[in-house]
$ cat model.pdb   # PDB, C-alpha atoms
ATOM      1  CA  MET A 204     -22.419  24.332  17.422  1.00  0.00           C
ATOM      2  CA  ALA A 205     -21.381  24.520  13.762  1.00  0.00           C
ATOM      3  CA  SER A 206     -17.775  24.176  12.968  1.00  0.00           C
ATOM      4  CA  VAL A 207     -16.162  26.574  10.563  1.00  0.00           C
ATOM      5  CA  PRO A 208     -13.957  24.793   8.027  1.00  0.00           C
ATOM      6  CA  ALA A 209     -10.360  25.788   8.373  1.00  0.00           C
ATOM      7  CA  THR A 210      -8.942  27.337   5.233  1.00  0.00           C
ATOM      8  CA  ARG A 211      -5.494  26.183   4.318  1.00  0.00           C
ATOM      9  CA  SER A 212      -3.567  27.819   1.586  1.00  0.00           C
ATOM     10  CA  LYS A 213      -2.777  25.029  -0.852  1.00  0.00           C
ATOM     11  CA  LEU A 214      -0.785  25.377  -4.003  1.00  0.00           C
ATOM     12  CA  PRO A 215      -2.528  23.686  -6.873  1.00  0.00           C
ATOM     13  CA  VAL A 216      -0.879  20.324  -7.642  1.00  0.00           C
ATOM     14  CA  PRO A 217      -0.046  21.190 -11.297  1.00  0.00           C
ATOM     15  CA  LEU A 218       1.737  24.349 -10.168  1.00  0.00           C
ATOM     16  CA  LEU A 219       3.759  22.401  -7.599  1.00  0.00           C
ATOM     17  CA  VAL A 220       4.764  19.781 -10.194  1.00  0.00           C
ATOM     18  CA  ALA A 221       5.747  22.491 -12.682  1.00  0.00           C
ATOM     19  CA  ALA A 222       7.916  24.195 -10.052  1.00  0.00           C
ATOM     20  CA  ILE A 223       9.720  20.928  -9.270  1.00  0.00           C
ATOM     21  CA  VAL A 224      10.333  20.288 -12.987  1.00  0.00           C
ATOM     22  CA  VAL A 225      11.783  23.783 -13.439  1.00  0.00           C
ATOM     23  CA  VAL A 226      14.111  23.388 -10.452  1.00  0.00           C
ATOM     24  CA  VAL A 227      15.352  19.978 -11.688  1.00  0.00           C
ATOM     25  CA  ALA A 228      15.880  21.384 -15.204  1.00  0.00           C
ATOM     26  CA  LEU A 229      17.901  24.309 -13.837  1.00  0.00           C
ATOM     27  CA  ILE A 230      20.098  21.987 -11.785  1.00  0.00           C
ATOM     28  CA  ALA A 231      20.661  19.693 -14.791  1.00  0.00           C
ATOM     29  CA  ALA A 232      21.528  22.668 -17.021  1.00  0.00           C
ATOM     30  CA  GLY A 233      23.975  23.981 -14.414  1.00  0.00           C
ATOM     31  CA  VAL A 234      25.723  20.626 -14.185  1.00  0.00           C
ATOM     32  CA  TYR A 235      25.844  20.243 -17.989  1.00  0.00           C
ATOM     33  CA  PHE A 236      27.266  23.706 -18.678  1.00  0.00           C
ATOM     34  CA  SER A 237      29.784  23.602 -15.808  1.00  0.00           C
ATOM     35  CA  ARG A 238      31.602  20.578 -17.284  1.00  0.00           C
ATOM     36  CA  PRO A 239      34.893  21.248 -19.067  1.00  0.00           C
ATOM     37  CA  PRO A 240      34.675  20.966 -22.864  1.00  0.00           C
ATOM     38  CA  ARG A 241      35.821  17.697 -24.386  1.00  0.00           C
ATOM     39  CA  SER A 242      38.632  17.892 -26.879  1.00  0.00           C
ATOM     40  CA  THR A 243      38.246  15.751 -29.957  1.00  0.00           C
ATOM     41  CA  PRO A 244      41.135  14.063 -31.785  1.00  0.00           C
ATOM     42  CA  ALA A 245      40.314  16.109 -34.880  1.00  0.00           C
ATOM     43  CA  ALA A 246      40.905  19.313 -32.907  1.00  0.00           C
ATOM     44  CA  VAL A 247      44.515  18.386 -32.136  1.00  0.00           C
ATOM     45  CA  THR A 248      46.858  19.985 -34.614  1.00  0.00           C
ATOM     46  CA  ALA A 249      50.150  18.518 -35.731  1.00  0.00           C
ATOM     47  CA  SER A 250      53.352  20.237 -34.734  1.00  0.00           C
ATOM     48  CA  ALA A 251      55.190  22.325 -37.310  1.00  0.00           C
ATOM     49  CA  GLU A 252      58.011  19.790 -37.144  1.00  0.00           C
ATOM     50  CA  ALA A 253      55.653  16.906 -38.015  1.00  0.00           C
ATOM     51  CA  LYS A 254      54.015  18.900 -40.828  1.00  0.00           C
ATOM     52  CA  ALA A 255      57.415  19.647 -42.328  1.00  0.00           C
ATOM     53  CA  TYR A 256      58.295  15.921 -42.220  1.00  0.00           C
ATOM     54  CA  LEU A 257      55.148  14.774 -44.098  1.00  0.00           C
ATOM     55  CA  PRO A 258      56.764  14.812 -47.576  1.00  0.00           C
ATOM     56  CA  ASN A 259      59.228  12.198 -46.285  1.00  0.00           C
ATOM     57  CA  LEU A 260      56.479   9.633 -45.666  1.00  0.00           C
ATOM     58  CA  GLN A 261      55.189   7.577 -48.553  1.00  0.00           C
ATOM     59  CA  LEU A 262      52.152   5.291 -48.533  1.00  0.00           C
ATOM     60  CA  SER A 263      52.093   2.722 -51.325  1.00  0.00           C
ATOM     61  CA  ASP A 264      50.439  -0.506 -52.447  1.00  0.00           C
ATOM     62  CA  VAL A 265      47.283   0.375 -50.518  1.00  0.00           C
ATOM     63  CA  SER A 266      44.490  -2.126 -51.137  1.00  0.00           C
ATOM     64  CA  MET A 267      41.238  -3.141 -49.517  1.00  0.00           C
ATOM     65  CA  LYS A 268      39.478  -6.464 -49.064  1.00  0.00           C
ATOM     66  CA  ALA A 269      36.514  -7.775 -47.111  1.00  0.00           C
ATOM     67  CA  THR A 270      36.706 -10.927 -45.030  1.00  0.00           C
ATOM     68  CA  GLU A 271      34.509 -12.601 -42.451  1.00  0.00           C
ATOM     69  CA  ASN A 272      35.589 -13.007 -38.847  1.00  0.00           C
ATOM     70  CA  PHE A 273      34.839 -15.933 -36.545  1.00  0.00           C
ATOM     71  CA  MET A 274      31.602 -14.233 -35.420  1.00  0.00           C
ATOM     72  CA  LYS A 275      30.348 -14.142 -39.035  1.00  0.00           C
ATOM     73  CA  GLN A 276      30.779 -10.346 -39.219  1.00  0.00           C
ATOM     74  CA  GLN A 277      32.183  -8.588 -42.261  1.00  0.00           C
ATOM     75  CA  VAL A 278      35.630  -7.125 -41.626  1.00  0.00           C
ATOM     76  CA  VAL A 279      37.120  -4.607 -44.046  1.00  0.00           C
ATOM     77  CA  GLU A 280      40.912  -4.806 -44.165  1.00  0.00           C
ATOM     78  CA  ILE A 281      43.168  -2.134 -45.602  1.00  0.00           C
ATOM     79  CA  GLU A 282      46.732  -3.183 -46.322  1.00  0.00           C
ATOM     80  CA  GLY A 283      49.674  -1.228 -47.619  1.00  0.00           C
ATOM     81  CA  LYS A 284      53.207  -0.058 -47.067  1.00  0.00           C
ATOM     82  CA  ILE A 285      54.668   3.013 -45.429  1.00  0.00           C
ATOM     83  CA  ALA A 286      58.195   4.204 -46.190  1.00  0.00           C
ATOM     84  CA  ASN A 287      60.270   6.660 -44.186  1.00  0.00           C
ATOM     85  CA  ASN A 288      62.311   8.529 -46.805  1.00  0.00           C
ATOM     86  CA  GLY A 289      63.496  11.162 -44.333  1.00  0.00           C
ATOM     87  CA  PRO A 290      66.506  11.470 -42.032  1.00  0.00           C
ATOM     88  CA  ARG A 291      64.764  10.782 -38.681  1.00  0.00           C
ATOM     89  CA  PRO A 292      63.528   7.577 -37.016  1.00  0.00           C
ATOM     90  CA  LEU A 293      59.820   7.495 -36.205  1.00  0.00           C
ATOM     91  CA  GLU A 294      58.434   6.049 -32.981  1.00  0.00           C
ATOM     92  CA  SER A 295      54.828   6.033 -34.233  1.00  0.00           C
ATOM     93  CA  VAL A 296      52.601   7.182 -37.064  1.00  0.00           C
ATOM     94  CA  GLN A 297      48.819   7.526 -36.835  1.00  0.00           C
ATOM     95  CA  VAL A 298      46.418   8.039 -39.709  1.00  0.00           C
ATOM     96  CA  TYR A 299      42.781   8.970 -40.104  1.00  0.00           C
ATOM     97  CA  CYS A 300      40.810   6.636 -42.352  1.00  0.00           C
ATOM     98  CA  LEU A 301      37.968   8.722 -43.786  1.00  0.00           C
ATOM     99  CA  PHE A 302      35.075   6.682 -45.187  1.00  0.00           C
ATOM    100  CA  SER A 303      32.584   8.418 -47.489  1.00  0.00           C
ATOM    101  CA  GLY A 304      28.960   7.836 -48.414  1.00  0.00           C
ATOM    102  CA  VAL A 305      27.556   7.634 -51.926  1.00  0.00           C
ATOM    103  CA  ASP A 306      27.087  11.411 -51.890  1.00  0.00           C
ATOM    104  CA  GLY A 307      30.800  11.931 -51.175  1.00  0.00           C
ATOM    105  CA  ARG A 308      30.339  13.188 -47.624  1.00  0.00           C
ATOM    106  CA  GLU A 309      32.282  11.631 -44.780  1.00  0.00           C
ATOM    107  CA  VAL A 310      30.192   9.054 -42.896  1.00  0.00           C
ATOM    108  CA  TYR A 311      32.836   7.502 -40.650  1.00  0.00           C
ATOM    109  CA  ARG A 312      36.293   8.405 -39.366  1.00  0.00           C
ATOM    110  CA  GLU A 313      38.714   6.316 -37.363  1.00  0.00           C
ATOM    111  CA  ARG A 314      42.186   7.137 -36.107  1.00  0.00           C
ATOM    112  CA  VAL A 315      44.581   4.163 -36.129  1.00  0.00           C
ATOM    113  CA  PHE A 316      48.285   3.447 -35.862  1.00  0.00           C
ATOM    114  CA  ILE A 317      50.146   2.254 -38.953  1.00  0.00           C
ATOM    115  CA  VAL A 318      53.430   2.368 -37.025  1.00  0.00           C
ATOM    116  CA  PRO A 319      52.516   1.450 -33.440  1.00  0.00           C
ATOM    117  CA  PRO A 320      54.533   3.007 -30.588  1.00  0.00           C
ATOM    118  CA  LYS A 321      55.236  -0.344 -28.916  1.00  0.00           C
ATOM    119  CA  GLY A 322      57.110  -1.747 -31.902  1.00  0.00           C
ATOM    120  CA  SER A 323      60.540  -0.886 -33.160  1.00  0.00           C
ATOM    121  CA  PRO A 324      60.987   2.593 -34.654  1.00  0.00           C
ATOM    122  CA  LEU A 325      60.640   3.089 -38.401  1.00  0.00           C
ATOM    123  CA  LYS A 326      64.210   3.973 -39.312  1.00  0.00           C
ATOM    124  CA  PRO A 327      65.306   6.322 -42.103  1.00  0.00           C
ATOM    125  CA  GLY A 328      65.142   4.565 -45.477  1.00  0.00           C
ATOM    126  CA  GLU A 329      63.046   1.742 -44.046  1.00  0.00           C
ATOM    127  CA  GLY A 330      59.636   0.557 -45.222  1.00  0.00           C
ATOM    128  CA  ARG A 331      57.030  -1.453 -43.360  1.00  0.00           C
ATOM    129  CA  ASN A 332      53.758  -3.210 -44.179  1.00  0.00           C
ATOM    130  CA  PHE A 333      50.592  -2.306 -42.317  1.00  0.00           C
ATOM    131  CA  ARG A 334      47.155  -3.868 -41.965  1.00  0.00           C
ATOM    132  CA  LEU A 335      44.091  -2.052 -40.620  1.00  0.00           C
ATOM    133  CA  ALA A 336      40.856  -3.896 -39.797  1.00  0.00           C
ATOM    134  CA  PHE A 337      37.420  -2.274 -39.482  1.00  0.00           C
ATOM    135  CA  ASP A 338      34.384  -4.219 -38.318  1.00  0.00           C
ATOM    136  CA  SER A 339      31.863  -1.485 -37.530  1.00  0.00           C
ATOM    137  CA  LEU A 340      31.508   0.565 -40.710  1.00  0.00           C
ATOM    138  CA  PRO A 341      28.102   2.163 -41.297  1.00  0.00           C
ATOM    139  CA  ASP A 342      25.754   0.829 -43.974  1.00  0.00           C
ATOM    140  CA  SER A 343      25.849   4.234 -45.683  1.00  0.00           C
ATOM    141  CA  TRP A 344      29.530   3.751 -46.587  1.00  0.00           C
ATOM    142  CA  ASN A 345      30.074   3.708 -50.378  1.00  0.00           C
ATOM    143  CA  GLN A 346      32.316   0.581 -50.302  1.00  0.00           C
ATOM    144  CA  ALA A 347      35.245   2.521 -51.796  1.00  0.00           C
ATOM    145  CA  LEU A 348      38.776   2.762 -50.419  1.00  0.00           C
ATOM    146  CA  PRO A 349      38.812   5.444 -47.714  1.00  0.00           C
ATOM    147  CA  ARG A 350      41.005   8.518 -47.793  1.00  0.00           C
ATOM    148  CA  ILE A 351      44.037   7.978 -45.586  1.00  0.00           C
ATOM    149  CA  VAL A 352      45.460  11.107 -43.969  1.00  0.00           C
ATOM    150  CA  ILE A 353      48.470  11.273 -41.653  1.00  0.00           C
ATOM    151  CA  ALA A 354      47.151  12.380 -38.253  1.00  0.00           C
ATOM    152  CA  GLN A 355      50.244  12.327 -36.039  1.00  0.00           C
ATOM    153  CA  ILE A 356      53.955  11.613 -36.242  1.00  0.00           C
ATOM    154  CA  THR A 357      56.030  10.898 -33.134  1.00  0.00           C
ATOM    155  CA  PHE A 358      59.769  11.040 -33.571  1.00  0.00           C
ATOM    156  CA  ALA A 359      62.026   8.489 -31.851  1.00  0.00           C
ATOM    157  CA  ARG A 360      64.676   9.846 -29.508  1.00  0.00           C
TER     158      ARG A 360
END

$ encode --input "model.pdb" --output "structure tokens"
Amino acid sequence: MASVPATRSKLPVPLLVAAIVVVVALIAAGVYFSRPPRSTPAAVTASAEAKAYLPNLQLSDVSMKATENFMKQQVVEIEGKIANNGPRPLESVQVYCLFSGVDGREVYRERVFIVPPKGSPLKPGEGRNFRLAFDSLPDSWNQALPRIVIAQITFAR
């Protein structure tokens, strides 16, 4: 007696693989878009009180030099002075150092303390030296002194 081959309904393998890829992509997209947005330091705005106090801060004697660290890497150091010419003591001051390329566009940005919060407050009428070290600047940097912009002021209590 001749046997009749049983017919099974099979999905073609490429169609099955494509369906799995689509399902995985949809799950990944759902996870990605359901995450809360990250806030960047640049998005934080200074308080009106801090903005009003900016004219009381003075940066002076800012200079730049390159040195080599113990790992034979080039370290760019920016040194200068900050003076508090206003009536309030400052717990901390942060600045953005904005490094530009040869075309003038910003190629690197770093936010650093010039008056760290763990030290003593910068009192009214007082000045203080600061030193900032950078060891990971991009090759596209134009080797010029970066723009230094006050990012945040925290008043002492």

$ closest_atom_pairs --input "model.pdb" --of "segment 273-341 of chain A" --to "segment 346-358 of chain A" --cutoff "8 Å" --atoms "only C-alpha atoms" --output "JSON lines"
{"residue": "A:Arg291", "atom": "CA", "partner": "A:Phe358", "partner_atom": "CA", "distance": 7.2}
{"residue": "A:Pro292", "atom": "CA", "partner": "A:Phe358", "partner_atom": "CA", "distance": 6.2}
{"residue": "A:Leu293", "atom": "CA", "partner": "A:Phe358", "partner_atom": "CA", "distance": 4.4}
{"residue": "A:Glu294", "atom": "CA", "partner": "A:Phe358", "partner_atom": "CA", "distance": 5.2}
{"residue": "A:Ser295", "atom": "CA", "partner": "A:Thr357", "partner_atom": "CA", "distance": 5.1}
{"residue": "A:Val296", "atom": "CA", "partner": "A:Ile356", "partner_atom": "CA", "distance": 4.7}
{"residue": "A:Gln297", "atom": "CA", "partner": "A:Gln355", "partner_atom": "CA", "distance": 5.1}
{"residue": "A:Val298", "atom": "CA", "partner": "A:Ile353", "partner_atom": "CA", "distance": 4.3}
{"residue": "A:Tyr299", "atom": "CA", "partner": "A:Val352", "partner_atom": "CA", "distance": 5.2}
{"residue": "A:Cys300", "atom": "CA", "partner": "A:Ile351", "partner_atom": "CA", "distance": 4.8}
{"residue": "A:Leu301", "atom": "CA", "partner": "A:Arg350", "partner_atom": "CA", "distance": 5.0}
{"residue": "A:Phe302", "atom": "CA", "partner": "A:Pro349", "partner_atom": "CA", "distance": 4.7}
{"residue": "A:Ser303", "atom": "CA", "partner": "A:Pro349", "partner_atom": "CA", "distance": 6.9}
{"residue": "A:Arg314", "atom": "CA", "partner": "A:Ala354", "partner_atom": "CA", "distance": 7.5}

$ atom_distance --input "model.pdb" --atom1 "atom CA of Leu340 of chain A" --atom2 "atom CA of Val279 of chain A"
8.3 Å

$ closest_residue --input "model.pdb" --among "A:Ser339, A:Asn287, A:Ser323, A:Asn345" --to "Leu262 of chain A" --atoms "only C-alpha atoms"
A:Asn287

$ residues_around --input "model.pdb" --residues "segment 250-261 of chain A" --least-positions-apart "2" --cutoff "7 Å" --atoms "only C-alpha atoms" --output "ChimeraX atom specification"
/A:248,263,285-289,356

$ residues_around --input "model.pdb" --residues "Glu271 of chain A" --least-positions-apart "3" --cutoff "12 Å" --atoms "all atoms listed in the file" --output "PyMOL selection string"
chain A and resi 268+274-280+336-338

$ write_last_selection --input "model.pdb" --atoms "C-alpha atoms" --output "PDB file, in the frame of the given file"
ATOM      1  CA  LYS A 268      39.478  -6.464 -49.064  1.00  0.00           C
ATOM      2  CA  MET A 274      31.602 -14.233 -35.420  1.00  0.00           C
ATOM      3  CA  LYS A 275      30.348 -14.142 -39.035  1.00  0.00           C
ATOM      4  CA  GLN A 276      30.779 -10.346 -39.219  1.00  0.00           C
ATOM      5  CA  GLN A 277      32.183  -8.588 -42.261  1.00  0.00           C
ATOM      6  CA  VAL A 278      35.630  -7.125 -41.626  1.00  0.00           C
ATOM      7  CA  VAL A 279      37.120  -4.607 -44.046  1.00  0.00           C
ATOM      8  CA  GLU A 280      40.912  -4.806 -44.165  1.00  0.00           C
ATOM      9  CA  ALA A 336      40.856  -3.896 -39.797  1.00  0.00           C
ATOM     10  CA  PHE A 337      37.420  -2.274 -39.482  1.00  0.00           C
ATOM     11  CA  ASP A 338      34.384  -4.219 -38.318  1.00  0.00           C
TER      12      ASP A 338
END

$ atom_distance --input "model.pdb" --atom1 "atom CA of Ser343 of chain A" --atom2 "atom CA of Val318 of chain A"
29.0 Å

$ closest_residue --input "model.pdb" --among "A:Val224, A:Phe273, A:Pro290, A:Ala232" --to "Gly328 of chain A" --atoms "all atoms listed in the file"
A:Pro290

$ axis_aligned_box --input "model.pdb" --around "segment 330-334 of chain A" --padding-each-side "6 Å" --output "JSON"
{"center_x": 53.4, "center_y": -1.7, "center_z": -43.6, "size_x": 24.5, "size_y": 16.4, "size_z": 15.3}

$ residues_near_point --input "model.pdb" --point "(57.4, -6.6, -43.4)" --cutoff "12 Å" --atoms "only C-alpha atoms" --output "list in words"
Glu282, Gly283, Lys284, Ile285, Ala286, Val318, Leu325, Glu329, Gly330, Arg331, Asn332, Phe333 and Arg334 of chain A

$ atom_distance --input "model.pdb" --atom1 "atom CA of Val227 of chain A" --atom2 "atom CA of Pro215 of chain A"
18.9 Å

$ build_atoms --input "model.pdb" --residues "segment 289-302 of chain A" --atoms "N, CA and C atoms" --output "compact mmCIF listing (two decimals), keeping the file's coordinate frame"
# COMPACT_ATOMS: atom_id res chain seq x y z
N GLY A 289 62.83 10.02 -44.96
CA GLY A 289 63.50 11.16 -44.33
C GLY A 289 64.67 10.75 -43.48
N PRO A 290 65.28 11.72 -42.80
CA PRO A 290 66.51 11.47 -42.03
C PRO A 290 66.27 11.07 -40.57
N ARG A 291 65.01 11.02 -40.11
CA ARG A 291 64.76 10.78 -38.68
C ARG A 291 64.00 9.49 -38.44
N PRO A 292 64.31 8.77 -37.37
CA PRO A 292 63.53 7.58 -37.02
C PRO A 292 62.19 7.99 -36.40
N LEU A 293 61.17 7.18 -36.67
CA LEU A 293 59.82 7.50 -36.20
C LEU A 293 59.37 6.46 -35.18
N GLU A 294 58.94 6.94 -34.02
CA GLU A 294 58.43 6.05 -32.98
C GLU A 294 57.04 5.54 -33.33
N SER A 295 56.19 6.44 -33.85
CA SER A 295 54.83 6.03 -34.23
C SER A 295 54.28 6.95 -35.30
N VAL A 296 53.32 6.40 -36.06
CA VAL A 296 52.60 7.18 -37.06
C VAL A 296 51.14 6.77 -36.97
N GLN A 297 50.26 7.77 -36.84
CA GLN A 297 48.82 7.53 -36.84
C GLN A 297 48.20 8.15 -38.07
N VAL A 298 47.15 7.51 -38.56
CA VAL A 298 46.42 8.04 -39.71
C VAL A 298 44.93 8.10 -39.37
N TYR A 299 44.23 8.98 -40.09
CA TYR A 299 42.78 8.97 -40.10
C TYR A 299 42.36 8.21 -41.35
N CYS A 300 41.45 7.27 -41.21
CA CYS A 300 40.81 6.64 -42.35
C CYS A 300 39.44 7.28 -42.47
N LEU A 301 39.19 7.96 -43.58
CA LEU A 301 37.97 8.72 -43.79
C LEU A 301 37.09 8.00 -44.81
N PHE A 302 35.99 7.43 -44.34
CA PHE A 302 35.08 6.68 -45.19
C PHE A 302 33.95 7.61 -45.63
